[in-house]
Structures are given as structure tokens and as C-alpha cells.
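File shown here: run_21.txt, holding compact mmCIF, C-alpha atoms and all ligand atoms.
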# COMPACT_ATOMS: atom_id res chain seq x y z
CA MET P 95 26.38 21.67 -0.37
CA ALA P 96 24.72 19.00 1.71
CA THR P 97 21.58 19.83 3.60
CA THR P 98 22.06 19.91 7.35
CA ILE P 99 19.44 18.64 9.77
CA LEU P 100 19.55 19.52 13.45
CA ILE P 101 18.20 16.83 15.78
CA VAL P 102 17.24 18.01 19.24
CA GLU P 103 16.44 14.93 21.27
CA ASP P 104 17.51 13.91 24.77
CA GLU P 105 16.79 10.22 24.33
CA GLU P 106 20.12 8.95 23.14
CA LYS P 107 18.79 5.88 21.37
CA ILE P 108 16.31 7.85 19.28
CA GLY P 109 18.86 10.56 18.58
CA ARG P 110 21.38 8.05 17.34
CA PHE P 111 18.82 6.22 15.25
CA LEU P 112 17.70 9.46 13.59
CA GLU P 113 21.28 10.47 12.97
CA LEU P 114 22.07 7.18 11.22
CA GLU P 115 18.95 7.31 9.08
CA LEU P 116 19.49 10.92 8.08
CA ARG P 117 23.14 10.37 7.25
CA HIS P 118 22.13 7.38 5.20
CA GLU P 119 19.85 9.71 3.21
CA GLY P 120 22.80 11.99 2.56
CA TYR P 121 22.08 14.74 5.07
CA GLN P 122 24.63 16.27 7.37
CA VAL P 123 23.55 16.00 10.97
CA LEU P 124 23.92 18.28 13.97
CA LYS P 125 22.75 17.07 17.35
CA ALA P 126 21.74 18.60 20.62
CA ALA P 127 20.60 16.75 23.74
CA ASN P 128 18.80 19.57 25.54
CA GLY P 129 16.69 22.58 24.70
CA ARG P 130 19.27 25.24 25.41
CA GLU P 131 21.90 23.64 23.22
CA GLY P 132 19.29 23.01 20.54
CA LEU P 133 18.24 26.65 20.49
CA GLU P 134 21.85 27.81 20.22
CA LYS P 135 22.59 25.47 17.34
CA ALA P 136 19.39 26.42 15.54
CA GLN P 137 20.22 30.10 15.90
CA SER P 138 23.74 29.56 14.61
CA GLY P 139 22.24 29.23 11.14
CA GLN P 140 24.15 26.05 10.30
CA ALA P 141 21.07 23.86 9.98
CA ASP P 142 18.47 23.85 7.20
CA LEU P 143 15.78 22.09 9.21
CA MET P 144 15.27 21.11 12.83
CA VAL P 145 13.68 17.97 14.25
CA LEU P 146 12.68 19.05 17.74
CA ASP P 147 11.51 16.81 20.56
CA VAL P 148 8.95 18.44 22.86
CA MET P 149 9.99 16.74 26.10
CA LEU P 150 13.49 18.07 26.69
CA PRO P 151 15.57 19.03 29.71
CA GLU P 152 16.48 22.69 30.37
CA LEU P 153 14.11 24.23 27.81
CA ASN P 154 11.23 22.18 26.46
CA GLY P 155 10.51 22.07 22.75
CA PHE P 156 7.77 24.70 22.89
CA GLU P 157 10.01 27.14 24.68
CA VAL P 158 12.79 26.51 22.18
CA LEU P 159 10.34 27.10 19.34
CA ARG P 160 8.95 30.25 20.94
CA ARG P 161 12.37 31.80 21.40
CA LEU P 162 13.58 30.62 18.01
CA ARG P 163 10.67 32.16 16.13
CA LYS P 164 11.62 35.65 17.31
CA ASN P 165 14.48 35.70 14.84
CA SER P 166 14.51 32.52 12.75
CA ASP P 167 12.23 30.84 10.25
CA ILE P 168 14.13 27.56 10.05
CA PRO P 169 11.62 24.77 9.34
CA VAL P 170 10.77 22.77 12.46
CA ILE P 171 9.23 19.32 12.79
CA LEU P 172 8.09 18.64 16.34
CA LEU P 173 8.21 15.19 17.89
CA THR P 174 5.37 14.79 20.36
CA ALA P 175 4.24 11.98 22.65
CA ARG P 176 1.25 9.96 21.53
CA ASP P 177 -1.10 11.07 24.28
CA ALA P 178 0.04 14.67 24.45
CA VAL P 179 -2.99 16.01 22.66
CA MET P 180 -2.40 19.64 23.40
CA ASP P 181 1.17 19.42 22.19
CA LYS P 182 0.18 19.20 18.58
CA VAL P 183 -2.13 22.16 18.67
CA ALA P 184 0.31 24.24 20.66
CA GLY P 185 3.14 23.19 18.38
CA LEU P 186 1.48 24.24 15.18
CA ASP P 187 0.22 27.45 16.78
CA GLY P 188 3.74 28.07 17.99
CA GLY P 189 5.16 28.03 14.51
CA ALA P 190 6.14 24.43 13.87
CA ASP P 191 5.94 23.39 10.22
CA ASP P 192 4.78 19.88 11.02
CA TYR P 193 4.73 17.35 13.81
CA MET P 194 5.18 13.63 14.20
CA THR P 195 3.69 11.59 17.00
CA LYS P 196 6.02 9.14 18.70
CA PRO P 197 6.48 6.34 17.87
CA PHE P 198 6.64 7.19 14.19
CA ALA P 199 7.74 5.43 11.04
CA ILE P 200 11.11 6.76 9.94
CA GLU P 201 9.96 6.70 6.31
CA GLU P 202 7.20 9.14 7.15
CA LEU P 203 9.57 11.50 8.90
CA LEU P 204 11.99 11.36 5.97
CA ALA P 205 9.15 12.07 3.55
CA ARG P 206 8.04 15.09 5.56
CA ILE P 207 11.56 16.42 5.71
CA ARG P 208 11.86 16.10 1.94
CA LEU P 209 8.51 17.82 1.45
CA ILE P 210 9.32 20.76 3.71
CA LEU P 211 12.73 21.25 2.12
CA LYS P 212 11.18 21.08 -1.31
CA LYS P 213 8.60 23.70 -0.40
CA ARG P 214 11.34 25.92 0.98
CA SER P 215 13.38 25.64 -2.16
CA GLY P 216 10.40 26.87 -4.10
CA SER P 217 9.93 23.87 -6.35
CA ILE P 218 6.34 23.52 -5.24
CA SER P 219 3.84 26.05 -6.53
CA SER P 220 3.65 29.03 -4.23
CA ASP P 221 -0.08 29.19 -4.77
CA LYS P 222 -1.00 27.21 -1.69
CA ASN P 223 -4.69 27.59 -2.38
CA LEU P 224 -4.55 25.39 -5.43
CA LEU P 225 -3.76 21.69 -5.17
CA THR P 226 -3.68 19.59 -8.29
CA CYS P 227 -3.16 16.08 -9.54
CA GLY P 228 -3.69 15.30 -13.20
CA GLU P 229 -7.10 16.65 -14.15
CA LEU P 230 -8.07 17.12 -10.53
CA THR P 231 -7.98 20.59 -9.02
CA MET P 232 -8.72 21.57 -5.45
CA ASP P 233 -9.24 25.22 -4.64
CA VAL P 234 -8.72 25.28 -0.89
CA LYS P 235 -9.88 28.85 -0.45
CA ARG P 236 -13.10 28.41 -2.40
CA TYR P 237 -13.56 24.94 -0.96
CA GLU P 238 -14.14 23.51 -4.42
CA VAL P 239 -12.95 20.43 -6.27
CA HIS P 240 -13.05 20.09 -10.03
CA TYR P 241 -12.28 17.21 -12.29
CA GLY P 242 -11.51 18.81 -15.62
CA ALA P 243 -14.27 21.41 -15.83
CA GLU P 244 -16.75 19.43 -13.75
CA LEU P 245 -17.48 20.34 -10.15
CA VAL P 246 -17.16 17.40 -7.74
CA GLU P 247 -19.41 17.60 -4.69
CA LEU P 248 -17.67 16.42 -1.54
CA THR P 249 -18.61 16.39 2.12
CA HIS P 250 -16.44 18.23 4.62
CA ARG P 251 -14.49 15.13 5.67
CA GLU P 252 -14.08 13.85 2.13
CA PHE P 253 -12.69 17.24 1.21
CA GLU P 254 -10.29 17.28 4.16
CA LEU P 255 -9.09 13.77 3.44
CA LEU P 256 -8.46 14.61 -0.19
CA ARG P 257 -6.74 17.80 0.85
CA VAL P 258 -4.29 16.04 3.18
CA LEU P 259 -3.48 13.47 0.51
CA LEU P 260 -2.95 16.15 -2.14
CA GLU P 261 -0.79 18.23 0.20
CA ASN P 262 1.38 15.14 0.70
CA LYS P 263 1.37 14.10 -2.94
CA ASN P 264 3.70 11.17 -3.70
CA ILE P 265 4.05 10.49 0.02
CA VAL P 266 2.33 7.63 1.81
CA VAL P 267 0.24 9.06 4.63
CA SER P 268 -0.49 6.67 7.49
CA ARG P 269 -4.03 5.98 8.67
CA ASP P 270 -3.18 7.45 12.07
CA THR P 271 -2.01 10.70 10.55
CA LEU P 272 -5.07 10.88 8.30
CA LEU P 273 -7.36 10.17 11.24
CA GLU P 274 -5.82 12.99 13.24
CA LYS P 275 -5.79 15.51 10.43
CA VAL P 276 -9.24 14.69 9.07
CA CYS P 277 -11.23 13.83 12.20
CA GLY P 278 -9.26 15.77 14.80
CA TYR P 279 -7.00 14.63 17.59
CA ASP P 280 -9.90 14.02 19.95
CA TYR P 281 -11.79 11.73 17.59
CA MET P 282 -13.14 8.73 19.51
CA GLY P 283 -15.18 6.89 16.87
CA GLU P 284 -14.51 4.00 14.55
CA THR P 285 -10.87 3.61 13.59
CA ASN P 286 -11.72 2.38 10.10
CA ILE P 287 -13.44 5.67 9.30
CA ILE P 288 -10.60 6.70 6.98
CA ASP P 289 -11.10 3.55 4.88
CA VAL P 290 -14.77 4.41 4.67
CA TYR P 291 -14.07 7.95 3.43
CA VAL P 292 -11.52 6.65 0.95
CA ARG P 293 -14.28 4.43 -0.44
CA TYR P 294 -16.61 7.43 -0.72
CA LEU P 295 -13.94 9.42 -2.53
CA ARG P 296 -13.29 6.55 -4.90
CA SER P 297 -16.97 6.26 -5.67
CA LYS P 298 -17.12 9.97 -6.48
CA LEU P 299 -13.85 10.19 -8.41
CA ASP P 300 -12.36 6.87 -9.53
CA ASN P 301 -15.64 5.31 -10.54
CA VAL P 302 -16.92 8.38 -12.32
CA TYR P 303 -13.77 9.45 -14.13
CA HIS P 304 -12.20 6.01 -14.57
CA ILE P 305 -9.00 6.85 -12.76
CA LYS P 306 -7.08 5.29 -9.91
CA LEU P 307 -6.46 8.34 -7.78
CA ILE P 308 -5.93 7.08 -4.23
CA GLN P 309 -3.50 4.21 -3.90
CA THR P 310 -3.74 1.83 -0.97
CA VAL P 311 -0.40 1.02 0.60
CA ARG P 312 -1.16 -2.16 2.45
CA GLY P 313 -0.60 -2.02 6.18
CA VAL P 314 0.48 1.62 6.05
CA GLY P 315 -2.00 4.04 4.61
CA TYR P 316 -2.85 5.89 1.42
CA CYS P 317 -1.10 7.90 -1.23
CA ILE P 318 -1.94 10.07 -4.22
CA LYS P 319 0.72 9.93 -6.88
CA ASP P 320 1.48 12.41 -9.60
CA ASP P 321 1.20 9.85 -12.38
CA VAL P 322 -2.50 9.22 -11.83
CA LYS P 323 -3.94 6.91 -14.42
CA CA P 401 12.51 13.60 25.11
As C-alpha cells - that is how I would like this structure written.
Amino acid sequence: MATTILIVEDEEKIGRFLELELRHEGYQVLKAANGREGLEKAQSGQADLMVLDVMLPELNGFEVLRRLRKNSDIPVILLTARDAVMDKVAGLDGGADDYMTKPFAIEELLARIRLILKKRSGSISSDKNLLTCGELTMDVKRYEVHYGAELVELTHREFELLRVLLENKNIVVSRDTLLEKVCGYDYMGETNIIDVYVRYLRSKLDNVYHIKLIQTVRGVGYCIKDDVK
């Protein structure tokens, strides 16, 4: 049975674009153009995942999410406006599984959808505290990274950067997303800071263990792949 994605978006152009892209990927698509309709369709149980715009007529995305979470755990990816800083925090607090900031790259949204569905289907280890790639192990709870048996000392931001990349293994994560998740949404400093931390990580991992852990995807961002060499 095909996986069904519910798109709740009042901007027709974006809604249509998403529908085409998702159908192209083999998903079935349900659409709703306002919050009330979106909530009803989500509660109907026909969809496996919901892409939910925050700025919606009738009920906004947060209100939809709040009401939905009383009786449904359908995965939700929120679409927020670029400058709506509080949206992201409120969205994740409100029970969203992930969020994308508009405008976003469709490839990134598709990758996140795949990841969330994969997690739901249980094909990713349920031990969320342990992230691995090859010989590398990150124990999120203990805040420790090992390569083989050796402890790797990382700073807080190096750790967070590595964590985001490991959590999104095999997915290219954009610099913007990394910046937000590692430095916080209110970060005002140098925009190349992510590149700097990637260099630090490479000097502590790649150079020491002779691997090529973090791949640069030119013009987009970074990625850690399963087949680390
Ligand atoms: Ca909207």
C-alpha cells in the first residue's frame, strides 16, 4: 500500500508543487487548504504523515497540531516562515516531529519525510541514545564519542554538529539547517562558522583515524554516509 502524505497549505502554488513532487516520489497525496480541513483529514487516519504550514486560515498550524495531538501521533513536519523564530520552538514543543523553514529545498523535505517514515517503521535502532557510523559511536546521553575503543574529546558545538549529521545519516544537511540546530535560531555571528566546526571535526576524526567521515556537498551542505571509508 502506498504511503499517503497530507499537505496542509493555503498557498496554492506551493501546495501544487509539493503534490507533484510527492507523487513523483510515489506517495499518495491528500490536500487541505485551511487548518480546519487539515485537522479533519489528519484525524481521519488516512494519512501516514502530515506536512503542515503554520500560517493558515481558520486554524493556524499550531492550533491544528495542538488539537491533533490530543488523539493522534501522526508524524508532522511544520513549514515555518524564515523570520518566525518562535514558530520553530513552539512547533517542536507542540509535538511536531520536524520543521522546515520556507523557502526550503524540496530534496531536503523529501529526505526528512523518508527519515521520519523510516523511524516510524522501526528500521532505525530504537536506542535513540546511541548514534553510530562505522567505528564511530556517539552516546548522546553520556555525551561521549568513541572511535573504536578510543574516546574522542569534542567541544559542545562540535558534538552538536556531529550529532545532527549522525541523526540525518545519508542525508545532506544544509548549512542553514546546521547553523540553526547547532548555534541556535538567534545566532548572529559568522555564517561560515559551520565550515569552521567541520574543519575542527575533521582534524579530530578524519586526520587521526584516516577516514573521510563528513562529506562536503558543494553549494548545499554536509553529509555523513554509512559507507565511511
Ligand atoms: Ca500559508
Quiz prompt | Residue neighbourhood Ile265 of chain P, 12 Å, all atoms listed in the file, exclusion window fewer than 4 positions, as a list in words | solution = Glu201, Glu202, Leu203, Leu204, Ala205, Arg206, Ile207, Arg208, Leu209, Val258, Leu259, Leu260, Glu261, Ile308, Gln309, Thr310, Val311, Val314, Gly315, Tyr316, Cys317, Ile318, Lys319 and Asp320 of chain P
Quiz item: Residues within 12 Å of ligand CA 401 (chain P) (all atoms listed in the file), as a PyMOL selection string?
Solution: chain P and resi 101-109+126-129+145-155+172-175+196-197
Self-check item: Counting only C-alpha atoms, the residue of P:Ile210, P:Val276, P:Ile99, P:Val158 that sits nearest Met144 of chain P
Solution: P:Ile99
Quiz prompt | Distance of atom CA of Glu274 of chain P from atom CA of Leu143 of chain P, expressed in Å to one decimal place | solution = 23.8 Å
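Of the residues under consideration (P:Arg160, P:Asn165, P:Lys275, P:Lys212), P:Lys212 shows the shortest atom-to-atom contact distance to Thr97 of chain P when counting only C-alpha atoms.
Note that atom CA of Thr98 of chain P and atom CA of Gln140 of chain P are 7.1 Å apart.
With atom CA of Glu115 of chain P on one side and atom CA of Ser166 of chain P on the other, the separation reads 25.9 Å.
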